[in-house]
>>> print(open('input04.cif').read())   # mmCIF, C-alpha atoms and all ligand atoms
data_input
#
loop_
_atom_site.label_atom_id
_atom_site.label_comp_id
_atom_site.auth_asym_id
_atom_site.auth_seq_id
_atom_site.Cartn_x
_atom_site.Cartn_y
_atom_site.Cartn_z
CA MET W 18 1.49 13.99 24.22
CA LYS W 19 4.77 15.86 23.78
CA ILE W 20 8.20 14.98 22.42
CA THR W 21 10.61 15.23 25.36
CA GLN W 22 13.85 13.78 24.02
CA ILE W 23 15.47 12.88 20.69
CA THR W 24 18.42 10.49 20.86
CA VAL W 25 20.58 9.80 17.80
CA PHE W 26 22.78 6.76 17.16
CA GLN W 27 25.19 6.03 14.31
CA VAL W 28 25.76 2.44 13.17
CA ASN W 29 27.84 1.03 10.34
CA LEU W 30 25.98 -1.63 8.37
CA PRO W 31 28.52 -3.66 6.35
CA LEU W 32 27.27 -5.25 3.13
CA GLU W 33 27.81 -8.98 2.79
CA HIS W 34 29.21 -8.47 -0.72
CA PRO W 35 30.62 -5.22 -2.10
CA TYR W 36 27.91 -3.73 -4.31
CA TRP W 37 28.63 -2.17 -7.69
CA LEU W 38 26.05 0.23 -9.04
CA SER W 39 24.84 -0.38 -12.60
CA GLY W 40 27.75 -0.30 -15.03
CA GLY W 41 30.31 -0.69 -12.22
CA ARG W 42 30.36 3.08 -11.62
CA LEU W 43 30.20 3.14 -7.85
CA LYS W 44 31.15 0.65 -5.16
CA PHE W 45 29.49 0.35 -1.75
CA GLU W 46 30.81 -1.75 1.14
CA VAL W 47 29.33 -0.18 4.30
CA LEU W 48 26.14 1.81 4.83
CA ASP W 49 26.14 4.69 7.33
CA ALA W 50 22.90 4.29 9.32
CA THR W 51 21.33 6.85 11.65
CA LEU W 52 18.88 5.49 14.22
CA VAL W 53 16.65 7.94 16.04
CA LYS W 54 14.77 7.34 19.28
CA ILE W 55 11.99 9.81 20.13
CA GLU W 56 10.67 9.78 23.70
CA THR W 57 7.45 11.36 24.93
CA ASP W 58 6.00 12.59 28.22
CA GLU W 59 3.50 9.70 28.12
CA GLY W 60 6.15 7.00 28.04
CA VAL W 61 5.64 5.98 24.41
CA THR W 62 8.91 5.69 22.48
CA GLY W 63 9.27 5.65 18.69
CA TRP W 64 12.15 4.68 16.42
CA GLY W 65 13.23 5.94 13.03
CA GLU W 66 16.06 5.15 10.66
CA GLY W 67 17.81 7.05 7.88
CA THR W 68 20.30 5.06 5.81
CA PRO W 69 21.38 6.46 2.44
CA TRP W 70 22.82 4.04 -0.13
CA GLY W 71 26.31 5.44 0.36
CA HIS W 72 26.87 9.15 -0.20
CA THR W 73 27.68 8.92 -3.92
CA TYR W 74 24.40 7.40 -5.12
CA VAL W 75 21.96 10.30 -4.71
CA PRO W 76 22.25 13.59 -2.79
CA ALA W 77 22.01 12.14 0.73
CA HIS W 78 24.71 11.91 3.34
CA GLY W 79 24.84 9.95 6.60
CA PRO W 80 26.58 12.75 8.58
CA GLY W 81 24.12 15.17 6.93
CA ILE W 82 21.20 13.35 8.55
CA ARG W 83 22.76 13.81 11.97
CA ALA W 84 23.57 17.47 11.32
CA GLY W 85 20.04 18.03 10.02
CA ILE W 86 18.48 16.52 13.12
CA GLU W 87 20.65 18.73 15.33
CA THR W 88 19.35 21.77 13.44
CA MET W 89 15.70 20.66 13.52
CA ALA W 90 15.57 19.27 17.07
CA PRO W 91 14.72 22.56 18.84
CA PHE W 92 11.74 23.01 16.51
CA ILE W 93 10.40 19.49 17.09
CA LEU W 94 10.80 19.13 20.85
CA GLY W 95 7.50 19.80 22.62
CA LEU W 96 5.33 18.94 19.59
CA ASP W 97 2.76 16.14 19.66
CA PRO W 98 4.35 13.35 17.57
CA ARG W 99 0.93 11.94 16.64
CA ARG W 100 0.27 15.14 14.69
CA VAL W 101 2.68 14.17 11.95
CA LEU W 102 1.67 17.09 9.71
CA ASP W 103 2.62 19.58 12.46
CA VAL W 104 6.00 17.88 12.80
CA GLU W 105 6.44 17.86 9.01
CA ARG W 106 5.72 21.61 8.76
CA ALA W 107 8.06 22.37 11.68
CA MET W 108 10.86 20.45 9.96
CA ASP W 109 10.21 22.11 6.58
CA LEU W 110 10.36 25.55 8.23
CA ALA W 111 13.46 24.76 10.26
CA LEU W 112 15.38 23.24 7.32
CA PRO W 113 14.08 23.62 3.75
CA GLY W 114 14.92 20.62 1.56
CA HIS W 115 17.18 17.91 3.05
CA LEU W 116 14.30 15.41 2.89
CA TYR W 117 16.57 12.47 3.74
CA ALA W 118 17.32 14.06 7.14
CA LYS W 119 13.61 14.41 7.92
CA SER W 120 12.59 10.87 7.11
CA PRO W 121 13.84 9.20 10.35
CA ILE W 122 11.98 11.80 12.47
CA ASP W 123 8.80 11.27 10.45
CA MET W 124 9.15 7.50 10.82
CA ALA W 125 9.59 7.68 14.61
CA CYS W 126 6.50 9.92 14.88
CA TRP W 127 4.40 7.44 12.88
CA ASP W 128 5.73 4.67 15.14
CA ILE W 129 4.55 6.59 18.21
CA ALA W 130 1.19 7.47 16.63
CA GLY W 131 0.59 3.81 15.80
CA GLN W 132 1.48 2.64 19.28
CA ALA W 133 -0.74 5.32 20.84
CA ALA W 134 -3.67 4.24 18.62
CA GLY W 135 -2.97 0.51 19.12
CA LEU W 136 -2.65 0.06 15.33
CA PRO W 137 0.10 -0.92 12.89
CA ILE W 138 1.20 2.16 10.91
CA ALA W 139 -0.41 0.83 7.70
CA ASP W 140 -3.80 0.57 9.44
CA LEU W 141 -3.41 4.01 10.98
CA MET W 142 -2.74 5.36 7.48
CA GLY W 143 -6.13 4.03 6.43
CA GLY W 144 -5.84 0.27 6.07
CA GLY W 145 -3.11 -2.22 5.34
CA SER W 146 -3.32 -5.19 2.98
CA ARG W 147 -2.07 -8.44 4.55
CA THR W 148 -1.11 -9.91 1.19
CA PRO W 149 2.59 -10.83 1.49
CA LYS W 150 4.65 -8.45 -0.64
CA PRO W 151 7.16 -9.85 -3.14
CA ILE W 152 10.72 -8.72 -2.46
CA ALA W 153 12.66 -7.64 -5.52
CA SER W 154 16.05 -9.25 -5.95
CA SER W 155 19.04 -7.11 -6.84
CA VAL W 156 20.90 -8.71 -9.73
CA GLY W 157 24.20 -6.90 -10.17
CA ALA W 158 25.88 -9.55 -12.34
CA LYS W 159 27.84 -8.51 -15.44
CA THR W 160 27.66 -11.33 -18.01
CA VAL W 161 24.77 -13.30 -19.50
CA GLU W 162 25.86 -16.48 -17.68
CA GLU W 163 26.36 -14.79 -14.30
CA THR W 164 22.98 -13.07 -14.60
CA ARG W 165 21.28 -16.42 -15.20
CA THR W 166 23.10 -18.03 -12.24
CA VAL W 167 22.26 -15.19 -9.82
CA MET W 168 18.60 -15.09 -10.85
CA ASP W 169 18.24 -18.86 -10.46
CA ARG W 170 19.73 -18.58 -6.97
CA TYR W 171 17.08 -15.99 -6.08
CA ARG W 172 14.31 -18.11 -7.67
CA ALA W 173 15.35 -21.07 -5.52
CA ARG W 174 14.68 -18.85 -2.48
CA GLY W 175 11.18 -17.98 -3.65
CA TYR W 176 11.78 -14.62 -5.35
CA VAL W 177 9.27 -13.69 -8.06
CA ALA W 178 10.37 -10.05 -8.53
CA HIS W 179 13.75 -8.99 -9.87
CA SER W 180 15.64 -5.78 -10.35
CA VAL W 181 18.28 -6.56 -12.95
CA LYS W 182 21.01 -3.93 -12.94
CA ILE W 183 22.04 -2.82 -16.42
CA GLY W 184 23.41 0.46 -17.76
CA GLY W 185 26.95 -0.47 -18.71
CA ASP W 186 27.95 -1.66 -22.15
CA VAL W 187 24.99 -1.30 -24.50
CA THR W 188 25.64 -4.44 -26.57
CA ARG W 189 26.06 -6.58 -23.45
CA ASP W 190 22.95 -5.05 -21.88
CA ILE W 191 20.89 -6.04 -24.93
CA ALA W 192 22.27 -9.59 -24.80
CA ARG W 193 21.53 -9.89 -21.07
CA ILE W 194 17.95 -8.61 -21.46
CA ARG W 195 17.29 -11.04 -24.34
CA ASP W 196 18.64 -13.97 -22.30
CA VAL W 197 16.69 -13.06 -19.14
CA GLU W 198 13.46 -12.73 -21.12
CA ALA W 199 14.07 -16.07 -22.87
CA HIS W 200 14.27 -17.81 -19.47
CA ARG W 201 11.63 -15.81 -17.65
CA PRO W 202 8.70 -17.63 -16.00
CA GLU W 203 5.50 -15.84 -17.00
CA HIS W 204 4.44 -14.77 -13.48
CA GLU W 205 7.68 -12.96 -12.66
CA ILE W 206 8.00 -9.18 -12.32
CA ILE W 207 11.24 -7.89 -13.85
CA LEU W 208 12.56 -4.35 -13.90
CA TYR W 209 15.74 -3.49 -15.78
CA ASP W 210 17.33 -0.87 -13.56
CA VAL W 211 19.72 1.46 -15.37
CA ASN W 212 20.41 3.66 -12.31
CA ARG W 213 20.82 6.71 -14.63
CA GLY W 214 23.65 4.91 -16.44
CA TRP W 215 22.81 5.78 -20.06
CA THR W 216 23.03 8.87 -22.19
CA ARG W 217 19.91 9.59 -24.24
CA GLN W 218 21.28 7.84 -27.33
CA GLU W 219 22.46 4.79 -25.37
CA ALA W 220 19.03 4.49 -23.80
CA LEU W 221 17.35 4.68 -27.19
CA ARG W 222 19.67 2.04 -28.67
CA VAL W 223 18.74 -0.52 -25.99
CA MET W 224 15.07 0.44 -25.77
CA ARG W 225 14.60 0.15 -29.53
CA ALA W 226 16.62 -3.07 -29.84
CA THR W 227 14.39 -4.75 -27.24
CA GLU W 228 11.09 -3.18 -28.32
CA ASP W 229 9.57 -6.58 -29.25
CA LEU W 230 9.99 -7.76 -25.62
CA HIS W 231 8.09 -4.82 -24.04
CA VAL W 232 10.32 -4.81 -20.95
CA MET W 233 10.34 -2.09 -18.28
CA PHE W 234 13.35 0.17 -17.72
CA GLU W 235 13.98 1.93 -14.43
CA GLN W 236 15.66 5.34 -14.44
CA PRO W 237 17.19 4.99 -17.91
CA CYS W 238 18.82 8.46 -17.87
CA GLU W 239 20.15 11.02 -15.42
CA THR W 240 17.29 13.55 -15.33
CA LEU W 241 13.55 13.88 -15.92
CA ASP W 242 14.42 16.16 -18.86
CA ASP W 243 16.40 13.29 -20.44
CA ILE W 244 13.56 10.85 -19.84
CA ALA W 245 11.07 13.35 -21.32
CA ALA W 246 13.26 13.99 -24.37
CA ILE W 247 13.48 10.32 -25.40
CA ARG W 248 9.91 9.48 -24.43
CA PRO W 249 8.37 10.03 -27.91
CA LEU W 250 11.17 7.99 -29.52
CA HIS W 251 10.58 4.59 -27.90
CA SER W 252 7.66 2.47 -26.68
CA ALA W 253 9.11 0.86 -23.51
CA PRO W 254 7.41 1.30 -20.14
CA VAL W 255 9.52 3.31 -17.69
CA SER W 256 9.90 3.38 -13.91
CA VAL W 257 11.36 6.44 -12.19
CA ASP W 258 12.99 6.30 -8.77
CA GLU W 259 16.13 8.40 -8.33
CA THR W 260 14.53 11.50 -9.90
CA LEU W 261 11.25 11.06 -8.02
CA VAL W 262 11.95 13.17 -4.95
CA THR W 263 9.37 15.91 -4.40
CA LEU W 264 5.63 16.12 -4.84
CA GLN W 265 6.33 18.46 -7.76
CA ASP W 266 8.41 15.70 -9.43
CA GLY W 267 5.51 13.29 -8.97
CA ALA W 268 3.03 15.78 -10.41
CA ARG W 269 5.24 16.43 -13.45
CA ILE W 270 5.86 12.74 -14.16
CA ALA W 271 2.13 12.00 -13.94
CA ARG W 272 0.99 15.05 -15.92
CA ASP W 273 3.56 14.64 -18.71
CA GLY W 274 3.23 10.84 -18.82
CA LEU W 275 6.93 10.22 -18.19
CA ALA W 276 6.59 6.88 -16.36
CA GLU W 277 4.28 3.93 -15.75
CA VAL W 278 5.78 3.11 -12.34
CA PHE W 279 6.82 5.28 -9.39
CA GLY W 280 9.74 3.74 -7.47
CA ILE W 281 9.33 5.41 -4.07
CA LYS W 282 12.44 5.38 -1.87
CA LEU W 283 11.26 6.32 1.60
CA ASN W 284 14.42 8.01 2.86
CA ARG W 285 14.91 9.83 -0.44
CA VAL W 286 11.44 11.39 -0.46
CA GLY W 287 11.42 12.40 3.22
CA GLY W 288 9.43 9.62 4.88
CA LEU W 289 5.91 8.21 5.00
CA THR W 290 4.02 11.50 5.22
CA LYS W 291 5.44 12.84 1.97
CA ALA W 292 5.53 9.40 0.29
CA ALA W 293 1.80 8.90 0.86
CA ARG W 294 1.10 11.95 -1.35
CA LEU W 295 3.27 10.50 -4.14
CA ARG W 296 1.34 7.24 -3.79
CA ASP W 297 -1.94 9.10 -4.27
CA ILE W 298 -0.70 10.97 -7.35
CA ALA W 299 0.38 7.64 -8.83
CA LEU W 300 -2.90 5.86 -8.12
CA ALA W 301 -4.92 8.80 -9.48
CA HIS W 302 -3.02 8.55 -12.78
CA GLY W 303 -2.96 4.78 -13.33
CA ILE W 304 0.70 4.57 -12.33
CA ASP W 305 1.89 1.45 -10.46
CA LEU W 306 4.27 1.50 -7.50
CA PHE W 307 7.44 -0.08 -6.24
CA VAL W 308 8.25 0.91 -2.63
CA MET W 309 11.60 0.50 -0.94
CA ALA W 310 13.91 1.80 1.72
CA THR W 311 16.85 3.65 0.21
CA GLY W 312 18.91 1.24 2.30
CA GLY W 313 19.24 0.12 5.88
CA SER W 314 18.16 -2.36 8.51
CA VAL W 315 14.91 -4.23 9.04
CA LEU W 316 13.46 -0.99 10.48
CA ALA W 317 13.82 0.78 7.13
CA ASP W 318 12.45 -2.27 5.28
CA THR W 319 9.45 -2.32 7.62
CA GLU W 320 8.67 1.35 7.04
CA ALA W 321 8.54 0.65 3.29
CA LEU W 322 6.36 -2.39 3.90
CA HIS W 323 3.79 -0.30 5.79
CA LEU W 324 3.47 2.12 2.85
CA ALA W 325 3.33 -0.78 0.39
CA ALA W 326 0.46 -2.29 2.41
CA THR W 327 -1.61 0.89 1.89
CA ILE W 328 -1.46 0.41 -1.89
CA PRO W 329 -4.05 -1.86 -3.57
CA ASP W 330 -2.48 -5.28 -4.27
CA HIS W 331 -3.07 -4.78 -7.98
CA ASN W 332 -0.94 -1.62 -8.07
CA ILE W 333 2.07 -2.57 -5.94
CA LYS W 334 4.78 -4.31 -7.96
CA ALA W 335 7.27 -5.19 -5.22
CA VAL W 336 9.22 -4.06 -2.17
CA TRP W 337 12.90 -4.53 -1.34
CA ALA W 338 14.66 -6.00 1.70
CA CYS W 339 18.06 -4.42 2.23
CA GLN W 340 18.35 -6.51 5.43
CA ASP W 341 19.33 -9.53 3.29
CA MET W 342 22.45 -7.74 2.06
CA LEU W 343 23.87 -6.88 5.53
CA THR W 344 26.19 -8.77 7.88
CA VAL W 345 24.86 -6.94 10.96
CA ASP W 346 21.35 -7.29 12.42
CA ILE W 347 20.46 -4.51 14.85
CA ALA W 348 17.08 -6.07 15.76
CA GLY W 349 18.16 -9.58 16.74
CA GLY W 350 16.07 -11.35 14.10
CA ARG W 351 12.84 -9.55 15.03
CA GLY W 352 10.53 -7.75 12.62
CA PRO W 353 9.40 -8.73 9.11
CA ARG W 354 11.91 -11.12 7.57
CA ASN W 355 12.29 -12.63 4.15
CA ILE W 356 10.00 -15.66 4.00
CA ASP W 357 10.18 -17.35 0.58
CA GLY W 358 10.97 -14.05 -1.10
CA HIS W 359 8.12 -12.14 0.58
CA LEU W 360 7.63 -9.75 3.52
CA HIS W 361 4.59 -10.04 5.81
CA LEU W 362 3.09 -6.97 7.49
CA PRO W 363 3.58 -7.06 11.28
CA ASP W 364 0.42 -6.85 13.41
CA ALA W 365 2.04 -5.10 16.39
CA PRO W 366 1.06 -1.45 16.92
CA GLY W 367 3.32 1.18 15.39
CA LEU W 368 6.26 0.19 13.23
CA GLY W 369 6.31 -3.32 14.67
CA VAL W 370 10.05 -3.61 15.24
CA HIS W 371 12.58 -1.80 17.42
CA PRO W 372 16.38 -2.19 17.54
CA ASP W 373 18.43 -3.76 20.31
CA LEU W 374 19.98 -0.87 22.24
CA ALA W 375 23.11 -2.97 22.77
CA ALA W 376 23.62 -3.13 18.99
CA LEU W 377 23.68 0.65 18.65
CA GLY W 378 26.51 1.69 20.97
CA SER W 379 26.58 5.10 22.67
CA PRO W 380 24.39 7.90 21.32
CA VAL W 381 26.08 10.52 19.15
CA GLY W 382 23.47 13.16 20.00
CA ILE W 383 20.86 13.76 22.72
CA TYR W 384 18.43 16.66 22.42
CA THR W 385 16.09 17.61 25.25
MG MG J 401 16.42 1.78 -9.04
#
>>> encode(input="input04.cif", output="structure tokens", more="lines below")
Ligand code: MG
Amino acid sequence: MKITQITVFQVNLPLEHPYWLSGGRLKFEVLDATLVKIETDEGVTGWGEGTPWGHTYVPAHGPGIRAGIETMAPFILGLDPRRVLDVERAMDLALPGHLYAKSPIDMACWDIAGQAAGLPIADLMGGGSRTPKPIASSVGAKTVEETRTVMDRYRARGYVAHSVKIGGDVTRDIARIRDVEAHRPEHEIILYDVNRGWTRQEALRVMRATEDLHVMFEQPCETLDDIAAIRPLHSAPVSVDETLVTLQDGARIARDGLAEVFGIKLNRVGGLTKAARLRDIALAHGIDLFVMATGGSVLADTEALHLAATIPDHNIKAVWACQDMLTVDIAGGRGPRNIDGHLHLPDAPGLGVHPDLAALGSPVGIYT
């Protein structure tokens, strides 16, 4: 089987509500999505998606994905898409770094490989758990009262996992954490996501002031060096997502004991092939996982769900469904959808969901 054509589409995915990153630092209203269709000489077609969470959140850029694919296309055409490692090496040779541009190609190749094998991607990767995966909410409220209201709204929809965005005013953050914990049902999974919002001393002030609650903080500071520096000075469990990018990052975090949870963002780390290695490092070191798309449509959510399904139920904390935050649905309601706050693995071969061509408009690039 050979890749014969790569077709690229650009779609704007408006958010239902403008989204403010922790501490109100950055505002997002529309996501720039790149959808990639890979066709083969055997008639099997695969789809991939790359949707950064804006271009100010982490080093990833919607137009950069399209430019990266243009650069890599000549090196990918003619390869067998089922041999995902060959495609990965070709991309890494053609364009070092730029993992976010490689992820949609990797995803489309896994989609084709799954369809060719007659298996969902998770099963092709070695076996997928059918346990429905809890979707983490995204609680961006500012005050104690608003936080309580937003979380209760999510709970009414079945959510048992929450990502509470903090990282602004330290005193208010402490008050919000104390209030959330006071009202928390015992079975719930709660991460306090700082999104790199604190300096080292701000992080230590909140982590020490809430030490009795033993709550988990995600990405408390900007860099792994910051997280390492404060590590001996507090006792809170830590999750790392924005600074978990390469396999070397994963190895360092595991070896130096910098985190108890890996938050794997599929587009950020370069797709399923690279993410599976991070998963294995985590599991080998007693580190739990939280898997999510960086952003995007139901296709991106489904990719994350396949990886999550390859993780033992005991070790996967939650997934995320960006689809719930969008006003546009490019797959006409198909694919895994939020059912009572959970996503269910599709049983169709490959990814298990493809977009409606009519929703994508004209291609912005065709490579043959
Ligand atoms: Mg996060």
>>> closest_residue(input="input04.cif", among="W:Gly280, W:Pro202, W:Gly135, W:Pro98", to="ligand MG 401 (chain J)", atoms="only C-alpha atoms and all ligand atoms")
W:Gly280
>>> closest_residue(input="input04.cif", among="W:Lys282, W:His204, W:Arg222, W:Lys119", to="ligand MG 401 (chain J)", atoms="all atoms listed in the file")
W:Lys282
>>> residues_near_ligand(input="input04.cif", ligand="ligand MG 401 (chain J)", cutoff="6 Å", atoms="only C-alpha atoms and all ligand atoms", output="PyMOL selection string")
chain W and resi 210+212+235+258
>>> residues_around(input="input04.cif", residues="Arg106 in chain W", least_positions_apart="4", cutoff="12 Å", atoms="all atoms listed in the file", output="list in words")
Met89, Phe92, Ile93, Leu96, Arg100, Val101, Leu102, Leu110, Ala111, Leu112, Pro113, Gly114, Lys119, Asp123, Thr290 and Lys291 of chain W
>>> residues_around(input="input04.cif", residues="range 19-34 of chain W", least_positions_apart="6", cutoff="8 Å", atoms="only C-alpha atoms", output="PyMOL selection string")
chain W and resi 45-59+83+90+93-98+313-314+342-345+377-385
>>> closest_residue(input="input04.cif", among="W:Asn284, W:Thr188, W:Thr148, W:Ser180", to="Gln236 in chain W", atoms="all atoms listed in the file")
W:Ser180
>>> atom_distance(input="input04.cif", atom1="CA of Pro372 in chain W", atom2="CA of His359 in chain W")
21.3 Å
>>> closest_residue(input="input04.cif", among="W:Val370, W:Ala301, W:Lys150, W:Ile281", to="Ile356 in chain W", atoms="only C-alpha atoms")
W:Lys150
>>> residues_around(input="input04.cif", residues="His302 in chain W", least_positions_apart="4", cutoff="12 Å", atoms="only C-alpha atoms", output="list in words")
Gly267, Ala268, Arg269, Ile270, Ala271, Arg272, Asp273, Gly274, Leu275, Ala276, Glu277, Val278, Phe279, Leu295, Arg296, Asp297, Ile298, Leu306 and Asn332 of chain W
>>> residues_around(input="input04.cif", residues="range 155-162 of chain W", least_positions_apart="2", cutoff="6 Å", atoms="only C-alpha atoms", output="ChimeraX atom specification")
/W:164-165,180-182,193
>>> closest_residue(input="input04.cif", among="W:Gly175, W:Gly85, W:Pro91, W:Gly131", to="Asn355 in chain W", atoms="all atoms listed in the file")
W:Gly175
>>> atom_distance(input="input04.cif", atom1="CA of Ile207 in chain W", atom2="CA of His179 in chain W")
4.8 Å
>>> atom_distance(input="input04.cif", atom1="CA of Leu324 in chain W", atom2="CA of Val232 in chain W")
25.7 Å
>>> residues_near_point(input="input04.cif", point="(-6.9, 2.9, 8.4)", cutoff="12 Å", atoms="all atoms listed in the file", output="list of chain:residue names")
W:Gly131, W:Ala134, W:Gly135, W:Leu136, W:Pro137, W:Ile138, W:Ala139, W:Asp140, W:Leu141, W:Met142, W:Gly143, W:Gly144, W:Gly145, W:Ser146, W:His323, W:Leu324, W:Ala326, W:Thr327, W:Ile328
>>> closest_residue(input="input04.cif", among="W:Glu163, W:Leu322, W:Val315, W:Asp330", to="Arg351 in chain W", atoms="only C-alpha atoms")
W:Val315
>>> residues_around(input="input04.cif", residues="Pro151 in chain W", least_positions_apart="6", cutoff="10 Å", atoms="all atoms listed in the file", output="JSON, numbers by chain")
{"W": [175, 176, 177, 178, 179, 206, 333, 334, 335, 336, 337, 338, 355, 356, 357, 358, 359, 360, 361]}
>>> axis_aligned_box(input="input04.cif", around="range 99-106 of chain W", padding_each_side="3 Å", output="lines of an AutoDock Vina configuration file")
center_x = 3.4
center_y = 16.8
center_z = 12.7
size_x = 12.2
size_y = 15.7
size_z = 13.9
